[in-house]
Protein chains: 4
Amino acid sequence: MIGYAFMGAAHSQAWRTVNRVYDLPARVRMSLVCGRDTAKVAAAADRLGWEAHTTDWRRLVESDEIDVVDVCTPGDSHAEIALAALAAGKHVLCEKPLANTVAEARAMAAAAATARASGVRSMCGFNYRRVPAVAMMRRLIADGRLGTVRHVRAAYLQDWIVDPQFPLVWRLQRDRAGSGALGDIGAHIIDLTQFVTGQRITGVSAVTETFVKERPLSAASSGLAGQATNGAGPVDGHGPATGTVTVDDAAVFVARLDGGALATYEASRFATGRKNALRVEINGSLGTVAFDLERLNELEFYDATRPAAEQGFTRILMTEEDHPYMSAWWPPGHIIGYEHSFTHQMRDFVEAVATGVDPAPSFADGLQVQLVLDAVIRSAELGSSWTDVEPTLEAVPA
Amino acid sequence: MIGYAFMGAAHSQAWRTVNRVYDLPARVRMSLVCGRDTAKVAAAADRLGWEAHTTDWRRLVESDEIDVVDVCTPGDSHAEIALAALAAGKHVLCEKPLANTVAEARAMAAAAATARASGVRSMCGFNYRRVPAVAMMRRLIADGRLGTVRHVRAAYLQDWIVDPQFPLVWRLQRDRAGSGALGDIGAHIIDLTQFVTGQRITGVSAVTETFVKERPLSAASSGLAGQATNGAGPVDGHGPATGTVTVDDAAVFVARLDGGALATYEASRFATGRKNALRVEINGSLGTVAFDLERLNELEFYDATRPAAEQGFTRILMTEEDHPYMSAWWPPGHIIGYEHSFTHQMRDFVEAVATGVDPAPSFADGLQVQLVLDAVIRSAELGSSWTDVEPTLEAVPA
Amino acid sequence: MIGYAFMGAAHSQAWRTVNRVYDLPARVRMSLVCGRDTAKVAAAADRLGWEAHTTDWRRLVESDEIDVVDVCTPGDSHAEIALAALAAGKHVLCEKPLANTVAEARAMAAAAATARASGVRSMCGFNYRRVPAVAMMRRLIADGRLGTVRHVRAAYLQDWIVDPQFPLVWRLQRDRAGSGALGDIGAHIIDLTQFVTGQRITGVSAVTETFVKERPLSAASSGLAGQATNGAGPVDGHGPATGTVTVDDAAVFVARLDGGALATYEASRFATGRKNALRVEINGSLGTVAFDLERLNELEFYDATRPAAEQGFTRILMTEEDHPYMSAWWPPGHIIGYEHSFTHQMRDFVEAVATGVDPAPSFADGLQVQLVLDAVIRSAELGSSWTDVEPTLEAVPA
Amino acid sequence: MIGYAFMGAAHSQAWRTVNRVYDLPARVRMSLVCGRDTAKVAAAADRLGWEAHTTDWRRLVESDEIDVVDVCTPGDSHAEIALAALAAGKHVLCEKPLANTVAEARAMAAAAATARASGVRSMCGFNYRRVPAVAMMRRLIADGRLGTVRHVRAAYLQDWIVDPQFPLVWRLQRDRAGSGALGDIGAHIIDLTQFVTGQRITGVSAVTETFVKERPLSAASSGLAGQATNGAGPVDGHGPATGTVTVDDAAVFVARLDGGALATYEASRFATGRKNALRVEINGSLGTVAFDLERLNELEFYDATRPAAEQGFTRILMTEEDHPYMSAWWPPGHIIGYEHSFTHQMRDFVEAVATGVDPAPSFADGLQVQLVLDAVIRSAELGSSWTDVEPTLEAVPA
């Protein structure tokens, strides 16, 4: 595993747990973790349960003892690491968004397609596909329970940078993060809604906004050479230095899906009081599903084929044996948390790798999300004019 | 009152009730109701409590015994009736949307401005402003409790035409209704969000859709000459005649407000399971309010100035004496219904007329909503390109 | 109508509205209202819409022009008025609880049985039976949708006397009100749960409590001779006079129903934050229903016969044509309020009287509730020991 | 650890995780797990992550390599194992309920008090105390935010034996489980409400019920000699053998707390649709808290000292740094699950043991809950008559 911060901690918890909960054809060994600072990565390895640590990701990628490389770094290093890992014949799990640019994502999808021919597997880490309620939405729609999908209504709302004094961390810098709310959390709702509907976004009309344009440099961020040059203000004695926010605080767009549905998307870090509110509602001709990640154990399902007087939104507590991923956990009513989506992801990844099957979402799926993000950015730059999403077809040989 | 269907019944309930609940400087007499069919309007008068009835709206408008004209007809007759009533010196309450076209709305706003000089009052019936939770949202925002408004998230969702066999009623015909979901329910959320934020929409990027393009002619609608010519299909012996739906089933748009907020709007009659779900959420730098008309007695308020460990969405049950309009109703916890918004509207209208003050929303406000609707339609026609909302200033002399 | 305060206002709104909404075989004329103070009752008549007023309830009861007497006074006068009205051949609607004592209730039930032989109708005003969600619960249970009822869980929670400075109003005095939370709101949940389950409470084990034992005499209450003698403290110059609270602030009891269900009941005026929270949940072998009066337009229904993965609590928005009482109101999703339960009650009462049928709940039903209240009080006095509810059979000849 | 079924799996997940999330003064080694069947315990050790396994709990208790014994067996073996472990100088964590009888619990509390003198620690596993929302309730009440507590309203509702064909598992047999819903889940709400209020139950009036009195013997249960004799019906060829349910399906009781509050408790396995609904509401003179374990990341708090128009139930999402136990987990809005309560419990236990402090709840606390359970059973046997809870004082020397 490369990277050991928030995502690294979540992945580690999942790697530690997956064989304890699921019967799988292979056992996970947490052999090596990589980070830039020796002392810090050593502490992280000790804490998170990795056998060894290194500061050289190339050593990790090339190690003979390693079968799987898990990429948990910021987006600007995904492509380089993943390409090297695939070239070295390692199965790769790469965090979302797949890359910071379409060009990088195309290269990664192409490399993944090539590697697949040699039995090397790759997967993009859209972990929310593995939330039981999300998998259940997909099942219901695939089974025709919603009929023709008419509307997709998706928002991913957070509020951690509402305070203008919140510092200029790497997620607010384009060269590190690629984009802001759009790529960080907007990517999730793009993937998730396409996954559950089985449809793809064909075009968008978008607006983005940066509400707070200058922010204090944090001690941490100002100490990094790469960041200090990033629009930083004067660092004299008169108060804290500031830097320019180079990503979006919020992105909103309307879209059409290839099955005929009309969709709205909103990603924001300025939705005061909404902490991790990934909300999706999908209206079909026969029913509706609605979901909120802050209540991830619940799915609301409206079945319009029921008797009129009994129709309503059924709040399904997603803790039954019959629910996706849940037979291995606790008895009904005993809820799971955010981190379980990663355990479920690792289960599917391990099973796919061990049985020689391609896991999903593929790098091609990651590229397709990148193309939607790209269309959003282009539309926003062109006065919200309708912008088609480029097809992925040429990039990914069947 | 002219028109006695859904809106007429709701208004009648309010006219009957307003003096029974509120202390007002004037008493309402329900003297005359007008409709096109003598037998039907007679029955309506008897049932709804009107002293007399007529089929000639001009007689009503010109009657010496009448001080106030309440226009509850479809949008295609609003302008003609309201202009005549204002010319006759009657105070006018006109249902929303103010008119079917911008030109009509401009004429009405101009006539209202002229009439005002002679002490004649006019009001556009955006009744939801008088829902206590909505009035409370406005109060909180006006008091600075939300800080700078960053996001407006508004949807008005219904599902009454999801069934493709639902007939081609007048609300689905452009010449009668002006537009579909957009003008009928979209107008409400445009007015409501502008009202509570105190900001105006400056531009939009929009998409509209008609999911079901042909519908059966209903016995009622096919019997009307004006409707039978409206794209009706062949009426031979082979099944029911159908006609073309000439309005939108759904409209979605992103918008900017003049105070800097980013907004999303959605109006749909295809949101299965959502019956009358007017939902608004407004995020500011200091707090958030959220509202759903299906729970109109509740307001959710997030106050980000509270201690961190105690922050959360407070569900305020809007039945306290201190809440707008509520001191006259029942004890705390005893909820009110949809129709009460009209009683509150009549209270404010009667009080304004009796005390010689202009009620709000004015016809100019109604025109401004019309201009937003017009910008939405133009943007949708022009590939969602950004479209500025025309200013109302020239049309309405101060 | 006798009495014009809270209940009188609610009843008046219902009498004014019932013929405007429902097609009924008779028209209501609001002819005469009675109160103790001439000026006040005159003002009330004017405001609430009564044609005339009087301070002599006997005149009202004996008037030849009157067919129906509506008793909205405190419980201590119910028996005298209702008995006189029945004797005078008037149909009687009497607010709950039917009486302050079992003896009075027995006399009333007996008189009602006698009067019924002459075609005189009587009804006890448990208005919540007419909330659509409550009527729907009864329908579901009667249709076997819950299977065998195992648990009843009922609470009626308010908080209007949490403040110890809240004055000693008549509802806190045993000689006026009979009991406190128990008779005022506990009576509602006793009737409601028996109504929806079709079962009767057979025995109880109870505890009651008066948390605040002394309260200030209000200007209003201290001015009444009858109240000033009721345990009032010294009325010298040293601060407000206080009086002793002679009723329960809260009553809790467990019970068994004759169909085998186990039940818990709680009535309290000390549940801070709960304004009018009448909550009922009923668990059966095949399903569950749950209801909260603060969201009276919603019913939660769990149907355990649905496929396992889709089971959950369905929130039914009770605004559909197929729902009890709702076909006459607004379109789906347009909610109703507290007062509508009275309009529904008047509809059923008028229809029963006009068609010569006995309305429900009868005075015998009111007596039965009184017998449960009496068992609760006796159990509480006897160290919570199990106390059987006396049967009503002897008192009410078939 | 002794026992590896549901509780054993939950404890193992917590033991594996606790040092990965929290900085603690000691590291956990999962050295030895014990079960009755060699093959099964070997598989469990492998799966759950224990280094070794045994079928001899005495060997485990006496091992020199072991510092802590974690008792996860059914209640009938708690006392024997815990007493032996304490005698051997091991720190003991024992699952709830502490024992099946008051006598056993007294012996355990006495042994724990003795062992404490030698620095040996013991704890009873009421894990729900460590749910952040529960710890927050305690904090709010301890800080005086609720004022004087007036009402406790607690229910623990499940539905896993509603089906009469559900077999006679050990939890339905008195000799194994001690009691039914009462001891299994009722014990939790007794402990939890006493913990958060800081008050003790002084007396109860109770009813218990067994709705389904005969159940099929399961293959598993009928295979066990100890169970086959437990009221089993004939095992001939005519259908499955049945046995008598010897515990309660449901228990309801009213109670008084030593601080003056009135309380209701309900524990049931027949609440159809309620899967793991531990619900607590506590009303005080200044505020109210409400909690539901099915939404364990949320706490509802009503603060009656706020301005009247803004009062309401605030839904606090318990994922902030300032919330108990949460600083070590994920960013705000990323929820935790059921199992985390055990990780929190292990954190507190490890910290207490490592720093030489007594963890809570103690065995004396476990005994006190047992005394309440005993009072409930006695009251139910004596016609619900009021029954005082025996004091623990004599049993536990200070």
# chains A, B, ... in the order shown; residues from 1 in each chain; ligands from 1
call {"tool": "residues_around", "arguments": {"residues": "stretch 95-112 of chain A", "least_positions_apart": "2", "cutoff": "9 Å", "atoms": "only C-alpha atoms", "output": "VMD selection string"}}
result
chain A and resid 7 70 to 80 82 to 83 86 to 87 92 to 93 114 to 117 120 to 127 174 to 179 183 to 184 187 to 188 362 to 371 373 to 374 392 395 to 397
call {"tool": "interface_residues", "arguments": {"of": "chain B", "to": "chain A", "cutoff": "8 Å", "atoms": "only C-alpha atoms", "output": "count of residues only"}}
result
33
call {"tool": "closest_residue", "arguments": {"among": "B:Asp56, B:Trp330, B:Tyr325, B:Val245", "to": "B:Asp348", "atoms": "only C-alpha atoms"}}
result
B:Tyr325
call {"tool": "residues_around", "arguments": {"residues": "A:Pro307", "least_positions_apart": "6", "cutoff": "12 Å", "atoms": "only C-alpha atoms", "output": "MDAnalysis selection string"}}
result
chainID C and resid 316 320 322:323
call {"tool": "select_by_dssp", "arguments": {"residues": "stretch 154-396 of chain C", "states": "strand (DSSP E)", "output": "VMD selection string"}}
result
chain C and resid 154 to 157 201 to 209 214 to 216 242 to 244 250 to 257 262 to 268 277 to 284 287 to 292 298 to 303 313 to 317 387 to 388
call {"tool": "residues_around", "arguments": {"residues": "A:Glu65", "least_positions_apart": "3", "cutoff": "10 Å", "atoms": "only C-alpha atoms", "output": "NGL selection string"}}
result
:A and (31-32 or 60-62 or 68)
call {"tool": "write_last_selection", "arguments": {"atoms": "C-alpha atoms", "output": "short mmCIF file (atom, residue, chain, number, x, y, z; two decimals), in the first residue's frame"}}
result
data_model
loop_
_atom_site.label_atom_id
_atom_site.label_comp_id
_atom_site.auth_asym_id
_atom_site.auth_seq_id
_atom_site.Cartn_x
_atom_site.Cartn_y
_atom_site.Cartn_z
CA SER A 31 3.51 -6.91 3.83
CA LEU A 32 4.73 -3.44 2.97
CA LEU A 60 7.45 -1.77 -3.30
CA VAL A 61 6.10 -1.99 -6.83
CA GLU A 62 8.95 -4.20 -7.93
CA VAL A 68 -1.14 -6.54 -5.09
#
